[in-house]
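Everything below belongs to input.csv, which stores CSV, C-alpha atoms.
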```csv
chain,number,residue,atom,x,y,z
A,1,MET,CA,-32.8,-47.4,77.8
A,2,SER,CA,-29.7,-46.8,75.7
A,3,GLU,CA,-27.9,-43.5,75.8
A,4,THR,CA,-28.3,-41.4,72.6
A,5,LYS,CA,-25.3,-40.0,70.7
A,6,GLU,CA,-26.3,-36.5,71.8
A,7,ASP,CA,-26.6,-37.5,75.4
A,8,ARG,CA,-23.2,-39.2,75.3
A,9,ILE,CA,-21.6,-36.1,73.8
A,10,ALA,CA,-23.2,-33.9,76.4
A,11,ARG,CA,-22.1,-36.2,79.2
A,12,ARG,CA,-18.5,-36.2,77.9
A,13,HIS,CA,-18.5,-32.4,77.6
A,14,ARG,CA,-19.8,-32.1,81.2
A,15,GLU,CA,-17.1,-34.6,82.5
A,16,ARG,CA,-14.4,-32.7,80.6
A,17,ASP,CA,-15.6,-29.3,82.0
A,18,GLU,CA,-15.7,-30.7,85.5
A,19,GLN,CA,-12.2,-32.1,85.1
A,20,MET,CA,-10.9,-28.8,83.7
A,21,LYS,CA,-12.4,-26.7,86.4
A,22,GLY,CA,-10.6,-28.8,89.0
A,23,SER,CA,-7.2,-28.3,87.5
A,24,ALA,CA,-4.6,-26.0,89.1
A,25,GLY,CA,-4.2,-24.0,85.9
A,26,TYR,CA,-7.9,-23.2,85.7
A,27,GLN,CA,-8.0,-22.1,89.3
A,28,THR,CA,-4.8,-20.0,88.9
A,29,PHE,CA,-6.2,-18.3,85.8
A,30,ASN,CA,-9.4,-17.4,87.7
A,31,VAL,CA,-7.6,-15.9,90.6
A,32,MET,CA,-5.2,-13.9,88.4
A,33,PHE,CA,-8.0,-12.7,86.2
A,34,ILE,CA,-10.0,-11.5,89.2
A,35,LEU,CA,-6.9,-9.7,90.6
A,36,ALA,CA,-6.0,-8.2,87.2
A,37,TYR,CA,-9.5,-7.1,86.2
A,38,PRO,CA,-9.3,-3.6,87.8
A,39,PHE,CA,-6.1,-2.9,85.9
A,40,ILE,CA,-7.6,-4.2,82.7
A,41,ALA,CA,-10.6,-1.9,83.1
A,42,VAL,CA,-8.4,1.2,83.9
A,43,PHE,CA,-6.1,0.4,80.9
A,44,THR,CA,-9.1,0.1,78.6
A,45,PHE,CA,-10.6,3.4,79.9
A,46,ILE,CA,-7.2,5.2,79.4
A,47,MET,CA,-6.7,3.8,75.9
A,48,SER,CA,-10.3,4.7,74.9
A,49,ALA,CA,-9.8,8.2,76.2
A,50,LEU,CA,-6.5,8.6,74.3
A,51,LEU,CA,-8.1,7.3,71.1
A,52,SER,CA,-11.0,9.8,71.5
A,53,ILE,CA,-8.5,12.7,72.1
A,54,PHE,CA,-6.4,11.9,69.1
A,55,SER,CA,-9.4,11.3,67.0
A,56,GLY,CA,-10.7,14.8,67.9
A,57,ILE,CA,-7.3,16.3,67.1
A,58,SER,CA,-7.3,14.5,63.7
A,59,ARG,CA,-10.8,15.7,62.9
A,60,ALA,CA,-9.9,19.2,63.9
A,61,ALA,CA,-6.8,19.1,61.7
A,62,ALA,CA,-8.9,17.8,58.8
A,63,TRP,CA,-11.4,20.5,59.3
A,64,ILE,CA,-8.7,23.2,59.3
A,65,VAL,CA,-6.9,21.8,56.2
A,66,SER,CA,-10.2,21.6,54.3
A,67,GLY,CA,-11.0,25.2,55.1
A,68,GLY,CA,-14.0,24.4,57.3
A,69,LYS,CA,-15.7,22.2,54.7
A,70,SER,CA,-15.0,18.8,56.4
A,71,LYS,CA,-17.7,17.2,58.4
```
Final structure tokens representation of the file:
Amino acid sequence: MSETKEDRIARRHRERDEQMKGSAGYQTFNVMFILAYPFIAVFTFIMSALLSIFSGISRAAAWIVSGGKSK
């Protein structure tokens, strides 16, 4: 039985993915990402907290300037 176009495309994608996963760059990226993930998470948490703090300050300033009428 002949291979359909969809099967051929899927097979080529699988072969390409297997080849990519075997490369040194892919493996290096995986290791670096795993090692860096805690720092990424902490950085994201700190930036979110700072954004929340400055947003609260901005909302408070808007409320004061509007004379307490701002929501």
So how many Å separate CA of Arg14 (chain A) and CA of Tyr26 (chain A), to one decimal?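 So the answer is 15.5 Å.
For the pair CA of Ala10 (chain A) and CA of Thr28 (chain A), the interatomic distance is 26.2 Å.
You will find CA of Ser48 (chain A) at 18.2 Å from CA of Ala60 (chain A).
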